[in-house]
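Shown next, in structure tokens, is the structure this report addresses.
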Amino acid sequence: MIGDLSYPEGATPLDPNELGGLKHKHITTQGELDQLEQANIESGLRWLGR
């Protein structure tokens, strides 16, 4: 556990420097960040396909 954040078993916590630079403050693990980035990529690809 880092600060007030708790992580599910097996989750990779984000470095405090990475957490400080995030716009989405609900992101606490690398997996959550990966999912958000994937959704953003898919959204961008849909936008390009218009």
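Letters A, B, ... go to the chains of the structure tokens in the order shown; residues in each chain start at 1; ligands are counted from 1 in the same order.
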Near Leu19 in chain A, within 12 Å and counting only C-alpha atoms, which residues show up once chain neighbours fewer than 3 positions away are dropped, as a PDB file with C-alpha atoms, in the first residue's frame?
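The resulting file, result-v1.pdb, is shown below:
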ATOM      1  CA  ILE A   2       1.305   3.469  -0.933  1.00  0.00           C
ATOM      2  CA  GLY A   3      -0.210   6.392   0.970  1.00  0.00           C
ATOM      3  CA  LEU A   5      -4.103   3.726  -1.964  1.00  0.00           C
ATOM      4  CA  PRO A  13       1.059  -0.103  -8.250  1.00  0.00           C
ATOM      5  CA  LEU A  14       1.928   3.064 -10.088  1.00  0.00           C
ATOM      6  CA  ASP A  15       4.983   5.017  -9.055  1.00  0.00           C
ATOM      7  CA  PRO A  16       4.098   8.161  -7.028  1.00  0.00           C
ATOM      8  CA  LEU A  22      -2.333  11.644 -14.216  1.00  0.00           C
ATOM      9  CA  LYS A  23      -5.393  13.656 -15.219  1.00  0.00           C
ATOM     10  CA  HIS A  24      -7.669  10.789 -14.138  1.00  0.00           C
ATOM     11  CA  LYS A  25      -7.225  10.600 -10.373  1.00  0.00           C
ATOM     12  CA  HIS A  26      -9.272   7.375 -10.074  1.00  0.00           C
ATOM     13  CA  ILE A  27      -6.425   5.421 -11.742  1.00  0.00           C
ATOM     14  CA  THR A  28      -4.303   3.629  -9.132  1.00  0.00           C
ATOM     15  CA  THR A  29      -2.738   0.615 -10.884  1.00  0.00           C
ATOM     16  CA  GLN A  30      -0.840  -0.039 -14.090  1.00  0.00           C
ATOM     17  CA  GLU A  32      -6.240   0.471 -14.860  1.00  0.00           C
ATOM     18  CA  LEU A  33      -3.957   2.842 -16.748  1.00  0.00           C
TER      19      LEU A  33
END
**Report entry** DSSP helix (DSSP H, G or I) residues within chain A, as JSON, numbers by chain
**Finding:** {"A": [16, 17, 18, 19, 20, 30, 31, 32, 33, 34, 35, 36, 37, 38, 39, 40, 41, 42, 43, 44, 45, 46, 47, 48]}
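Taking CA of Ile41 in chain A as the reference point, CA of Pro8 in chain A is found at 25.4 Å.
A straight line drawn from CA of Glu18 in chain A to CA of Glu37 in chain A is 14.0 Å long.
Taking CA of Ala11 in chain A and CA of Gly44 in chain A as the two end points, the separation is 27.1 Å.
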Query raised in the report: Can you tell me, as a count of residues only, what residues are no more than 8 Å from Gly31 in chain A when counting only C-alpha atoms, ignoring any on the same chain fewer than 3 positions away?
Result: 4
